[in-house]
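*Asks:* I'm passing along run-v3.cif; it holds mmCIF, C-alpha atoms and all ligand atoms.
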```
data_entry
loop_
_atom_site.label_atom_id
_atom_site.label_comp_id
_atom_site.auth_asym_id
_atom_site.auth_seq_id
_atom_site.Cartn_x
_atom_site.Cartn_y
_atom_site.Cartn_z
CA MET P 1 -13.20 3.94 -16.31
CA ALA P 2 -13.60 6.35 -13.42
CA ILE P 3 -12.55 6.09 -9.79
CA ILE P 4 -15.75 7.09 -8.04
CA GLY P 5 -15.55 6.07 -4.37
CA CYS P 6 -12.97 5.84 -1.64
CA GLY P 7 -12.95 4.54 1.94
CA SER P 8 -10.52 3.50 4.65
CA ALA P 9 -10.27 1.90 8.07
CA THR P 10 -7.64 1.67 10.78
CA PRO P 11 -7.50 -0.23 14.07
CA SER P 12 -8.26 1.94 17.10
CA ALA P 13 -5.00 1.43 19.04
CA ILE P 14 -2.34 4.08 18.31
CA LEU P 15 1.30 3.25 18.94
CA SER P 16 3.49 6.36 19.28
CA ASN P 17 7.25 6.79 19.01
CA HIS P 18 7.19 7.22 22.76
CA HIS P 19 5.52 3.80 23.20
CA LEU P 20 8.14 2.26 20.92
CA SER P 21 10.95 3.68 23.03
CA GLN P 22 9.62 1.44 25.81
CA VAL P 23 9.70 -1.63 23.53
CA VAL P 24 13.13 -1.30 21.86
CA ASP P 25 16.20 0.94 22.16
CA THR P 26 14.86 3.83 20.07
CA SER P 27 13.50 7.36 20.44
CA ASP P 28 11.30 9.97 18.78
CA GLU P 29 14.57 11.86 18.09
CA TRP P 30 15.75 8.93 15.92
CA ILE P 31 12.46 7.91 14.28
CA TYR P 32 10.86 11.25 13.35
CA PRO P 33 13.75 13.00 11.53
CA ARG P 34 14.70 9.79 9.68
CA THR P 35 11.20 8.74 8.60
CA GLY P 36 8.59 11.43 9.33
CA MET P 37 6.67 8.94 11.49
CA LYS P 38 5.07 9.85 14.82
CA ASN P 39 2.24 7.33 15.23
CA ARG P 40 0.92 4.16 13.65
CA HIS P 41 -2.27 2.15 14.26
CA VAL P 42 -1.91 -1.47 15.37
CA SER P 43 -4.55 -4.18 15.47
CA SER P 44 -5.45 -5.87 18.72
CA THR P 45 -6.02 -9.60 19.06
CA ASN P 46 -9.68 -9.51 17.98
CA GLU P 47 -9.12 -7.37 14.85
CA THR P 48 -8.69 -9.20 11.55
CA LEU P 49 -7.38 -8.25 8.13
CA SER P 50 -10.64 -9.37 6.53
CA GLN P 51 -12.79 -7.15 8.77
CA LEU P 52 -10.56 -4.10 8.31
CA ALA P 53 -10.55 -4.60 4.52
CA ALA P 54 -14.33 -5.08 4.56
CA ASP P 55 -14.83 -1.86 6.56
CA ALA P 56 -12.77 0.12 4.02
CA ALA P 57 -14.58 -1.50 1.07
CA GLN P 58 -18.03 -0.83 2.56
CA LYS P 59 -17.20 2.86 2.99
CA ALA P 60 -15.87 3.11 -0.58
CA ILE P 61 -19.02 1.45 -1.97
CA ALA P 62 -21.27 3.83 0.03
CA ASP P 63 -19.13 6.77 -1.16
CA ALA P 64 -19.74 5.63 -4.75
CA ASN P 65 -23.52 5.52 -4.06
CA LEU P 66 -23.62 1.83 -4.90
CA ASP P 67 -25.02 -1.21 -3.17
CA PRO P 68 -22.62 -4.11 -2.43
CA THR P 69 -24.70 -6.29 -4.77
CA ASN P 70 -23.66 -3.96 -7.66
CA ILE P 71 -20.02 -5.02 -7.27
CA ASP P 72 -18.71 -7.42 -9.94
CA LEU P 73 -15.15 -7.96 -8.71
CA ILE P 74 -13.12 -7.45 -5.53
CA ILE P 75 -9.32 -7.33 -5.73
CA LEU P 76 -7.71 -7.50 -2.30
CA ALA P 77 -4.06 -6.40 -2.39
CA THR P 78 -2.44 -7.79 0.74
CA SER P 79 0.63 -9.66 1.94
CA THR P 80 -0.90 -10.41 5.33
CA PRO P 81 -4.15 -12.33 4.73
CA ASP P 82 -5.88 -14.00 7.66
CA ASP P 83 -5.67 -17.18 5.61
CA LEU P 84 -2.92 -18.15 3.16
CA PHE P 85 -5.63 -19.45 0.84
CA GLY P 86 -6.75 -15.83 0.56
CA SER P 87 -9.00 -13.41 2.40
CA ALA P 88 -10.88 -11.84 -0.53
CA SER P 89 -13.72 -14.39 -0.38
CA LYS P 90 -14.24 -13.63 3.30
CA VAL P 91 -14.36 -9.89 2.50
CA GLN P 92 -16.93 -10.59 -0.25
CA HIS P 93 -19.10 -12.35 2.35
CA LEU P 94 -18.61 -9.70 5.06
CA ILE P 95 -19.76 -6.87 2.81
CA GLY P 96 -22.58 -8.81 1.17
CA ALA P 97 -21.20 -8.46 -2.35
CA THR P 98 -23.00 -11.63 -3.37
CA GLN P 99 -22.53 -11.14 -7.13
CA ALA P 100 -18.78 -10.38 -6.98
CA ALA P 101 -15.85 -12.57 -7.88
CA ALA P 102 -12.96 -11.96 -5.49
CA PHE P 103 -9.26 -12.72 -5.31
CA ASP P 104 -6.14 -11.74 -3.38
CA LEU P 105 -3.22 -10.08 -5.15
CA THR P 106 0.22 -10.02 -3.54
CA VAL P 107 2.86 -7.49 -4.54
CA ALA P 108 3.64 -6.16 -1.06
CA CYS P 109 3.74 -2.34 -0.92
CA SER P 110 3.13 -2.09 -4.69
CA GLY P 111 -0.04 -4.18 -4.40
CA PHE P 112 -2.64 -1.41 -4.49
CA VAL P 113 -1.26 0.16 -7.69
CA PHE P 114 -0.91 -3.26 -9.37
CA GLY P 115 -4.51 -3.94 -8.25
CA LEU P 116 -5.81 -0.66 -9.67
CA ILE P 117 -4.16 -1.40 -13.02
CA THR P 118 -5.59 -4.95 -12.97
CA ALA P 119 -9.08 -3.56 -12.28
CA ALA P 120 -8.76 -1.27 -15.30
CA GLN P 121 -8.06 -4.23 -17.59
CA TYR P 122 -11.29 -6.02 -16.56
CA ILE P 123 -13.25 -2.80 -16.99
CA ARG P 124 -11.73 -1.82 -20.33
CA THR P 125 -12.47 -5.22 -21.84
CA GLY P 126 -16.09 -4.70 -20.80
CA VAL P 127 -16.13 -7.84 -18.64
CA TYR P 128 -16.94 -6.02 -15.38
CA LYS P 129 -18.51 -2.65 -14.59
CA ASN P 130 -17.92 -2.09 -10.85
CA VAL P 131 -14.63 -3.23 -9.32
CA VAL P 132 -13.46 -2.65 -5.74
CA VAL P 133 -9.70 -2.49 -5.20
CA ILE P 134 -8.61 -2.82 -1.58
CA GLY P 135 -5.12 -2.36 -0.16
CA ALA P 136 -4.90 -3.82 3.36
CA ASP P 137 -2.09 -5.03 5.57
CA LEU P 138 -1.51 -5.89 9.21
CA LEU P 139 2.28 -5.94 9.37
CA SER P 140 2.18 -5.61 13.18
CA ARG P 141 1.53 -9.36 13.09
CA TRP P 142 4.73 -10.03 11.22
CA VAL P 143 7.45 -7.68 12.41
CA ASP P 144 10.05 -8.77 14.94
CA TRP P 145 9.18 -6.60 17.95
CA THR P 146 12.77 -6.92 19.18
CA ASP P 147 14.28 -5.54 15.92
CA ARG P 148 14.40 -1.74 16.16
CA THR P 149 15.49 -1.40 12.52
CA THR P 150 12.08 -2.59 11.27
CA CYS P 151 9.44 -2.66 14.05
CA VAL P 152 9.29 1.14 14.36
CA LEU P 153 8.33 1.56 10.69
CA PHE P 154 5.14 -0.37 10.14
CA GLY P 155 1.48 0.15 11.00
CA ASP P 156 -1.85 -1.49 10.13
CA GLY P 157 -4.64 -0.19 7.92
CA ALA P 158 -6.88 -0.62 4.90
CA GLY P 159 -8.05 1.61 2.06
CA ALA P 160 -10.30 0.95 -0.91
CA VAL P 161 -11.53 2.53 -4.12
CA VAL P 162 -14.43 1.73 -6.43
CA CYS P 163 -13.62 1.76 -10.15
CA GLN P 164 -16.50 1.98 -12.60
CA GLY P 165 -16.70 1.46 -16.33
CA THR P 166 -18.00 4.54 -18.17
CA GLU P 167 -18.62 5.16 -21.84
CA THR P 168 -17.43 8.73 -21.78
CA LYS P 169 -14.10 8.87 -20.00
CA ASP P 170 -11.09 6.84 -18.95
CA ASN P 171 -9.59 8.39 -15.84
CA LEU P 172 -6.69 5.96 -15.48
CA LEU P 173 -4.51 7.99 -17.82
CA ALA P 174 -1.37 5.81 -17.86
CA PHE P 175 0.65 3.38 -15.79
CA GLU P 176 3.92 1.49 -15.40
CA MET P 177 4.61 -1.82 -13.60
CA ARG P 178 8.12 -3.13 -12.96
CA ASN P 179 9.86 -5.94 -11.08
CA ASP P 180 13.48 -6.84 -10.36
CA GLY P 181 13.55 -10.24 -8.74
CA SER P 182 17.36 -10.22 -8.57
CA GLN P 183 16.92 -7.97 -5.53
CA HIS P 184 14.38 -10.27 -3.91
CA GLY P 185 16.53 -10.69 -0.79
CA CYS P 186 16.28 -7.00 0.20
CA LEU P 187 12.84 -7.26 1.81
CA ASN P 188 11.31 -10.54 2.89
CA LEU P 189 8.69 -12.24 4.97
CA GLY P 190 9.86 -15.69 4.03
CA TYR P 191 8.79 -19.24 4.67
CA GLN P 192 10.97 -21.20 7.04
CA GLY P 193 10.42 -24.93 7.41
CA GLU P 194 12.06 -27.80 9.17
CA SER P 195 12.61 -31.23 7.66
CA LYS P 196 10.22 -33.89 8.83
CA PRO P 197 10.92 -37.47 7.72
CA LEU P 198 7.55 -38.85 6.71
CA ALA P 199 8.10 -42.26 5.20
CA GLU P 200 10.94 -44.32 3.74
CA GLY P 201 12.83 -41.93 1.40
CA ILE P 202 10.33 -39.07 1.82
CA THR P 203 11.04 -35.95 3.87
CA VAL P 204 8.68 -32.98 3.85
CA GLN P 205 9.01 -29.44 5.23
CA VAL P 206 6.84 -28.22 8.06
CA GLY P 207 7.00 -24.66 9.34
CA GLY P 208 5.75 -21.14 9.18
CA TYR P 209 6.91 -17.66 8.26
CA LYS P 210 9.79 -15.86 9.90
CA PRO P 211 9.44 -12.16 10.75
CA LEU P 212 10.00 -9.39 8.23
CA THR P 213 13.60 -8.49 7.33
CA MET P 214 14.75 -5.48 5.30
CA SER P 215 18.00 -4.00 4.03
CA GLY P 216 16.76 -0.45 4.62
CA LYS P 217 19.56 1.41 2.85
CA GLU P 218 19.31 -0.70 -0.33
CA VAL P 219 15.53 -0.32 -0.50
CA TYR P 220 15.88 3.42 0.09
CA ARG P 221 18.38 3.79 -2.77
CA PHE P 222 16.22 1.64 -5.08
CA ALA P 223 13.11 3.72 -4.35
CA VAL P 224 14.76 7.08 -4.95
CA ALA P 225 16.26 5.84 -8.23
CA LYS P 226 13.32 3.91 -9.70
CA VAL P 227 10.17 5.73 -8.58
CA PRO P 228 10.82 9.04 -10.44
CA GLU P 229 11.62 7.06 -13.61
CA ALA P 230 8.35 5.09 -13.36
CA ILE P 231 6.33 8.26 -12.81
CA GLU P 232 8.03 10.05 -15.70
CA LYS P 233 7.27 7.13 -18.04
CA ALA P 234 3.58 7.14 -17.09
CA MET P 235 3.43 10.95 -17.39
CA PHE P 236 4.91 10.71 -20.90
CA ARG P 237 2.33 8.08 -21.91
CA ALA P 238 -0.44 10.26 -20.47
CA GLY P 239 0.85 13.22 -22.48
CA LEU P 240 1.18 15.30 -19.34
CA ALA P 241 3.86 17.60 -17.96
CA ILE P 242 4.83 17.56 -14.27
CA ASP P 243 3.10 20.93 -13.81
CA ASP P 244 -0.21 19.33 -14.85
CA LEU P 245 -0.20 17.18 -11.69
CA ASP P 246 -2.22 18.29 -8.68
CA TRP P 247 -0.80 15.70 -6.29
CA LEU P 248 2.01 13.19 -5.83
CA LEU P 249 0.95 10.26 -3.66
CA LEU P 250 3.74 7.78 -3.03
CA HIS P 251 3.74 4.64 -0.94
CA GLN P 252 4.26 6.03 2.56
CA ALA P 253 7.56 4.36 3.47
CA ASN P 254 9.67 7.35 4.44
CA GLN P 255 9.07 11.12 4.25
CA ARG P 256 12.65 11.53 3.00
CA ILE P 257 11.88 9.25 0.01
CA MET P 258 8.79 11.33 -0.83
CA ASP P 259 10.79 14.58 -0.61
CA ALA P 260 13.67 13.18 -2.72
CA VAL P 261 11.31 11.87 -5.42
CA ALA P 262 9.43 15.19 -5.59
CA LYS P 263 12.75 17.02 -5.89
CA ARG P 264 13.89 14.78 -8.76
CA LEU P 265 10.58 15.35 -10.52
CA LYS P 266 10.90 19.11 -9.87
CA LEU P 267 7.52 19.06 -8.16
CA PRO P 268 6.89 21.54 -5.31
CA SER P 269 6.75 19.85 -1.91
CA GLU P 270 3.23 21.30 -1.29
CA LYS P 271 1.96 18.79 -3.87
CA ILE P 272 3.10 15.77 -1.84
CA LEU P 273 0.27 13.96 -0.06
CA SER P 274 1.67 12.55 3.17
CA ARG P 275 -0.01 11.04 6.20
CA ILE P 276 3.06 9.10 7.27
CA SER P 277 3.20 10.87 10.64
CA GLU P 278 -0.23 9.41 11.54
CA TYR P 279 -0.11 5.96 9.97
CA GLY P 280 3.54 4.95 9.44
CA ASN P 281 4.15 2.45 6.65
CA THR P 282 0.94 0.47 6.09
CA SER P 283 2.27 -1.43 3.05
CA ALA P 284 -0.48 -2.09 0.43
CA ALA P 285 -2.88 0.16 2.37
CA SER P 286 -0.74 3.28 2.40
CA ILE P 287 -1.86 4.85 -0.91
CA PRO P 288 -5.67 4.39 -0.61
CA LEU P 289 -5.58 5.17 3.13
CA THR P 290 -3.77 8.45 2.48
CA LEU P 291 -6.01 9.22 -0.51
CA ASP P 292 -9.15 8.71 1.57
CA THR P 293 -7.81 10.77 4.48
CA GLU P 294 -7.01 13.66 2.12
CA ILE P 295 -10.40 13.43 0.37
CA ARG P 296 -12.17 13.58 3.76
CA ALA P 297 -9.93 16.54 4.73
CA GLY P 298 -11.10 18.37 1.59
CA LYS P 299 -7.61 18.56 0.09
CA VAL P 300 -8.15 16.21 -2.87
CA LYS P 301 -11.13 17.27 -4.98
CA PRO P 302 -12.99 15.73 -7.93
CA GLY P 303 -11.06 16.38 -11.15
CA ASP P 304 -7.65 16.43 -9.47
CA LYS P 305 -4.85 14.66 -11.35
CA ILE P 306 -2.82 12.38 -9.08
CA ALA P 307 0.40 10.44 -9.68
CA VAL P 308 0.70 7.42 -7.39
CA SER P 309 3.61 5.02 -7.01
CA GLY P 310 3.95 1.86 -4.98
CA PHE P 311 7.34 0.27 -4.32
CA GLY P 312 8.85 -2.35 -2.08
CA ALA P 313 9.34 -6.11 -1.71
CA GLY P 314 9.91 -8.04 -4.89
CA LEU P 315 11.55 -5.78 -5.56
CA ALA P 316 8.59 -4.33 -7.38
CA TRP P 317 7.49 -0.82 -8.26
CA SER P 318 4.69 0.79 -10.19
CA SER P 319 3.08 4.08 -11.04
CA ALA P 320 -0.31 5.26 -12.22
CA ILE P 321 -1.70 8.63 -13.21
CA PHE P 322 -5.42 9.05 -12.58
CA VAL P 323 -8.12 11.64 -12.19
CA TRP P 324 -10.09 11.40 -8.95
CA GLY P 325 -13.89 11.44 -9.07
O1 LIG E 1 7.67 -0.45 2.46
C1 LIG E 1 8.72 -0.98 1.73
C2 LIG E 1 9.69 0.03 1.32
N1 LIG E 1 10.53 0.40 2.41
C3 LIG E 1 11.33 1.45 2.33
O2 LIG E 1 11.31 2.13 1.35
C4 LIG E 1 12.30 1.72 3.47
C5 LIG E 1 13.56 2.34 2.93
N2 LIG E 1 14.58 2.56 3.95
C6 LIG E 1 14.48 3.55 4.88
O3 LIG E 1 13.49 4.26 4.92
C7 LIG E 1 15.66 3.79 5.80
O4 LIG E 1 16.76 3.03 5.35
C8 LIG E 1 15.34 3.41 7.29
C9 LIG E 1 14.40 4.44 7.89
C10 LIG E 1 14.73 2.03 7.36
C11 LIG E 1 16.63 3.43 8.11
O5 LIG E 1 17.26 4.69 8.03
P1 LIG E 1 18.85 4.79 7.74
O6 LIG E 1 19.19 6.23 7.76
O7 LIG E 1 19.09 4.04 6.47
O8 LIG E 1 19.46 4.09 9.01
P2 LIG E 1 20.43 2.83 9.09
O9 LIG E 1 19.67 1.56 8.86
O10 LIG E 1 21.64 3.07 8.28
O11 LIG E 1 20.86 2.90 10.61
C12 LIG E 1 21.69 3.99 11.12
C13 LIG E 1 21.96 3.74 12.58
C14 LIG E 1 22.51 2.35 12.87
O12 LIG E 1 23.40 2.46 13.93
P3 LIG E 1 24.98 2.44 13.66
O13 LIG E 1 25.26 1.13 12.98
O14 LIG E 1 25.25 3.62 12.78
O15 LIG E 1 25.55 2.55 15.03
C15 LIG E 1 21.30 1.58 13.35
O16 LIG E 1 21.62 0.52 14.24
O17 LIG E 1 20.73 3.84 13.32
C16 LIG E 1 20.53 2.65 14.10
N3 LIG E 1 19.10 2.38 14.15
C17 LIG E 1 18.32 2.88 15.11
N4 LIG E 1 18.56 3.65 16.19
C18 LIG E 1 17.51 3.99 16.97
C19 LIG E 1 18.35 1.67 13.28
N5 LIG E 1 17.08 1.68 13.66
C20 LIG E 1 17.02 2.42 14.80
C21 LIG E 1 15.97 2.81 15.65
N6 LIG E 1 16.26 3.60 16.70
N7 LIG E 1 14.68 2.45 15.42
#
```
Can you present the structure in this file as structure tokens?
Ligand code: UT7

*Replies:*
Amino acid sequence: MAIIGCGSATPSAILSNHHLSQVVDTSDEWIYPRTGMKNRHVSSTNETLSQLAADAAQKAIADANLDPTNIDLIILATSTPDDLFGSASKVQHLIGATQAAAFDLTVACSGFVFGLITAAQYIRTGVYKNVVVIGADLLSRWVDWTDRTTCVLFGDGAGAVVCQGTETKDNLLAFEMRNDGSQHGCLNLGYQGESKPLAEGITVQVGGYKPLTMSGKEVYRFAVAKVPEAIEKAMFRAGLAIDDLDWLLLHQANQRIMDAVAKRLKLPSEKILSRISEYGNTSAASIPLTLDTEIRAGKVKPGDKIAVSGFGAGLAWSSAIFVWG
């Protein structure tokens, strides 16, 4: 398979560190050196996850010189659907991909890489030819805007790629997917219900989801330990040395994590792709959104070899080595 198109979309409103200092007890002096973040985009009341994901997908399909009716499958990696029953069907309708099957995939910040690997399996078995993988999240809907330890970190966005089956090459060179559910409590957006007696001897739960919580230090330590390992495994399977890589594109959670991982891999910092200062942490969107921004900026070129890694809630982490274009 080849990865032949890329697109992205962000809401228009930009929330700066300065804005945040008016919301909670924080400052640019705290946020920027600790995370690398300056701005993030946040959706307003009339902007939906489905529309943002559809905008990114439409751009990726146009970039691949395809028509939406050529798409066989849409995988929407998100933890923040408009509808708990899933938003992929809505995206299929919005973009007019009338022939495509569509489903949501939830692995939080690892979702895009898990989705890319899933797409490759459908393509390699010959079942589908054109698959769109979207990473999209609107975490501004779900953070506690009074909790300075989390609300300053997240932003909204969507990014998408088109994967296509080809006879001649397979540009997803290798991958690794891992989970450690014993650390599930480190990062949550959990259900919280109250008991409601319904009938004699029957009590049900009725409720919603409580805002995002994170043990930042634990997740930081986990990422710096596990991400280099996952990339090294995939590099080994691909038969590549670190010097063969053109770019390292990690989930954009913290600039310090990206720098630490690059250092462990002995990769020069110029090879890190980072747009964290513009977008903050956009969860499942962060990798394709950064990829698209760097393609549009002319930095990533066809033929470039890229190592990507998603990591976060689950805890889950993943890596993939692919050739763009
Ligand atoms: O996308 C999923 C994956 N997520 C990640 O990978 C995130 C990983 N974790 C991190 O990136 C970092 O742990 C954070 C950026 C979240 C936090 O940085 P830290 O250096 O670990 O800070 P901390 O949580 O240890 O907090 C240090 C101090 C505390 O004050 P005290 O207890 O030392 O007095 C916090 O209360 O900084 C305080 N603090 C803040 N101060 C101003 C925490 N958040 C803020 C804030 N503004 N926004």

*Asks:* Within 9 Å of ligand LIG 1 (chain E), counting all atoms listed in the file: which residues, as number ranges by chain?

*Replies:* P: 20-21, 24-31, 34-35, 108-110, 147-154, 187, 214-224, 251-257, 281-284, 310-313

*Asks:* So that I have them on file, write out the residues from the current selection with C-alpha atoms, as a CSV table (one decimal), in the coordinates of the input.

*Replies:*
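selection.csv written:
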```csv
chain,number,residue,atom,x,y,z
P,20,LEU,CA,8.1,2.3,20.9
P,21,SER,CA,11.0,3.7,23.0
P,24,VAL,CA,13.1,-1.3,21.9
P,25,ASP,CA,16.2,0.9,22.2
P,26,THR,CA,14.9,3.8,20.1
P,27,SER,CA,13.5,7.4,20.4
P,28,ASP,CA,11.3,10.0,18.8
P,29,GLU,CA,14.6,11.9,18.1
P,30,TRP,CA,15.8,8.9,15.9
P,31,ILE,CA,12.5,7.9,14.3
P,34,ARG,CA,14.7,9.8,9.7
P,35,THR,CA,11.2,8.7,8.6
P,108,ALA,CA,3.6,-6.2,-1.1
P,109,CYS,CA,3.7,-2.3,-0.9
P,110,SER,CA,3.1,-2.1,-4.7
P,147,ASP,CA,14.3,-5.5,15.9
P,148,ARG,CA,14.4,-1.7,16.2
P,149,THR,CA,15.5,-1.4,12.5
P,150,THR,CA,12.1,-2.6,11.3
P,151,CYS,CA,9.4,-2.7,14.0
P,152,VAL,CA,9.3,1.1,14.4
P,153,LEU,CA,8.3,1.6,10.7
P,154,PHE,CA,5.1,-0.4,10.1
P,187,LEU,CA,12.8,-7.3,1.8
P,214,MET,CA,14.8,-5.5,5.3
P,215,SER,CA,18.0,-4.0,4.0
P,216,GLY,CA,16.8,-0.4,4.6
P,217,LYS,CA,19.6,1.4,2.8
P,218,GLU,CA,19.3,-0.7,-0.3
P,219,VAL,CA,15.5,-0.3,-0.5
P,220,TYR,CA,15.9,3.4,0.1
P,221,ARG,CA,18.4,3.8,-2.8
P,222,PHE,CA,16.2,1.6,-5.1
P,223,ALA,CA,13.1,3.7,-4.4
P,224,VAL,CA,14.8,7.1,-5.0
P,251,HIS,CA,3.7,4.6,-0.9
P,252,GLN,CA,4.3,6.0,2.6
P,253,ALA,CA,7.6,4.4,3.5
P,254,ASN,CA,9.7,7.4,4.4
P,255,GLN,CA,9.1,11.1,4.2
P,256,ARG,CA,12.6,11.5,3.0
P,257,ILE,CA,11.9,9.2,0.0
P,281,ASN,CA,4.2,2.4,6.6
P,282,THR,CA,0.9,0.5,6.1
P,283,SER,CA,2.3,-1.4,3.0
P,284,ALA,CA,-0.5,-2.1,0.4
P,310,GLY,CA,4.0,1.9,-5.0
P,311,PHE,CA,7.3,0.3,-4.3
P,312,GLY,CA,8.8,-2.4,-2.1
P,313,ALA,CA,9.3,-6.1,-1.7
```

*Asks:* Restricting the calculation to only C-alpha atoms: of P:Ile295, P:Ile75, P:Val107, P:Leu173, which residue gets closest to P:Gly314?

*Replies:*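 Nearest to P:Gly314: P:Val107.
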
*Asks:* Name the closest residue to P:His18 among the candidates P:Arg296, P:Gly5, P:Gln99, P:Lys38; distances are taken between atoms, counting all atoms listed in the file.

*Replies:* P:Lys38

*Asks:* Would you mind telling me which residue in P:Leu94, P:Ile3, P:Gly86, P:Ala56 lies nearest to P:Gly303 when using all atoms listed in the file?

*Replies:* P:Ile3

*Asks:* With only C-alpha atoms as the basis for distance, which of P:Leu267, P:Ala102, P:Val127, P:Ala53 is at the shortest distance from P:Ala9?

*Replies:*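 Checking each candidate against P:Ala9, we get P:Ala53 as the closest.
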
*Asks:* How far is it from atom CA of P:Trp324 to atom CA of P:Ser43, in Å with one decimal?

*Replies:*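 Answer for the atom CA of P:Trp324 to atom CA of P:Ser43 separation: 29.5 Å.
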
*Asks:* Hey, can you check how far atom CA of P:His93 sits from atom CA of P:Ser50?

*Replies:* 9.9 Å

*Asks:* Given the choices P:Ile4, P:Ile61, P:Met37, P:Val131, which gets closest to P:Arg275 if the distance is worked out from all atoms listed in the file?

*Replies:* P:Met37

*Asks:* Any chance you could model N, CA, C and O atoms for stretch 261-272 of chain P and send them as an mmCIF file, in the frame of the given file?

*Replies:*
```cif
data_model
loop_
_atom_site.group_PDB
_atom_site.id
_atom_site.type_symbol
_atom_site.label_atom_id
_atom_site.label_comp_id
_atom_site.auth_asym_id
_atom_site.auth_seq_id
_atom_site.Cartn_x
_atom_site.Cartn_y
_atom_site.Cartn_z
ATOM 1 N N VAL P 261 11.965 12.147 -4.132
ATOM 2 C CA VAL P 261 11.310 11.870 -5.420
ATOM 3 C C VAL P 261 10.703 13.164 -5.981
ATOM 4 O O VAL P 261 10.854 13.479 -7.174
ATOM 5 N N ALA P 262 10.030 13.931 -5.133
ATOM 6 C CA ALA P 262 9.430 15.190 -5.590
ATOM 7 C C ALA P 262 10.508 16.116 -6.136
ATOM 8 O O ALA P 262 10.327 16.768 -7.171
ATOM 9 N N LYS P 263 11.647 16.148 -5.448
ATOM 10 C CA LYS P 263 12.750 17.020 -5.890
ATOM 11 C C LYS P 263 13.256 16.587 -7.268
ATOM 12 O O LYS P 263 13.449 17.418 -8.165
ATOM 13 N N ARG P 264 13.422 15.265 -7.448
ATOM 14 C CA ARG P 264 13.890 14.780 -8.760
ATOM 15 C C ARG P 264 12.900 15.097 -9.872
ATOM 16 O O ARG P 264 13.277 15.327 -11.015
ATOM 17 N N LEU P 265 11.608 15.057 -9.512
ATOM 18 C CA LEU P 265 10.580 15.350 -10.520
ATOM 19 C C LEU P 265 10.379 16.851 -10.712
ATOM 20 O O LEU P 265 9.590 17.265 -11.556
ATOM 21 N N LYS P 266 11.057 17.641 -9.875
ATOM 22 C CA LYS P 266 10.900 19.110 -9.870
ATOM 23 C C LYS P 266 9.459 19.516 -9.564
ATOM 24 O O LYS P 266 8.861 20.393 -10.199
ATOM 25 N N LEU P 267 8.902 18.806 -8.594
ATOM 26 C CA LEU P 267 7.520 19.060 -8.160
ATOM 27 C C LEU P 267 7.574 19.750 -6.801
ATOM 28 O O LEU P 267 8.280 19.284 -5.904
ATOM 29 N N PRO P 268 6.833 20.854 -6.610
ATOM 30 C CA PRO P 268 6.890 21.540 -5.310
ATOM 31 C C PRO P 268 6.414 20.637 -4.175
ATOM 32 O O PRO P 268 5.475 19.853 -4.363
ATOM 33 N N SER P 269 7.051 20.759 -3.024
ATOM 34 C CA SER P 269 6.750 19.850 -1.910
ATOM 35 C C SER P 269 5.298 19.993 -1.422
ATOM 36 O O SER P 269 4.750 19.069 -0.828
ATOM 37 N N GLU P 270 4.644 21.137 -1.694
ATOM 38 C CA GLU P 270 3.230 21.300 -1.290
ATOM 39 C C GLU P 270 2.323 20.305 -2.027
ATOM 40 O O GLU P 270 1.189 20.085 -1.610
ATOM 41 N N LYS P 271 2.809 19.725 -3.122
ATOM 42 C CA LYS P 271 1.960 18.790 -3.870
ATOM 43 C C LYS P 271 2.116 17.338 -3.389
ATOM 44 O O LYS P 271 1.484 16.444 -3.940
ATOM 45 N N ILE P 272 2.948 17.122 -2.388
ATOM 46 C CA ILE P 272 3.100 15.770 -1.840
ATOM 47 C C ILE P 272 1.959 15.501 -0.866
ATOM 48 O O ILE P 272 1.709 16.307 0.032
#
```
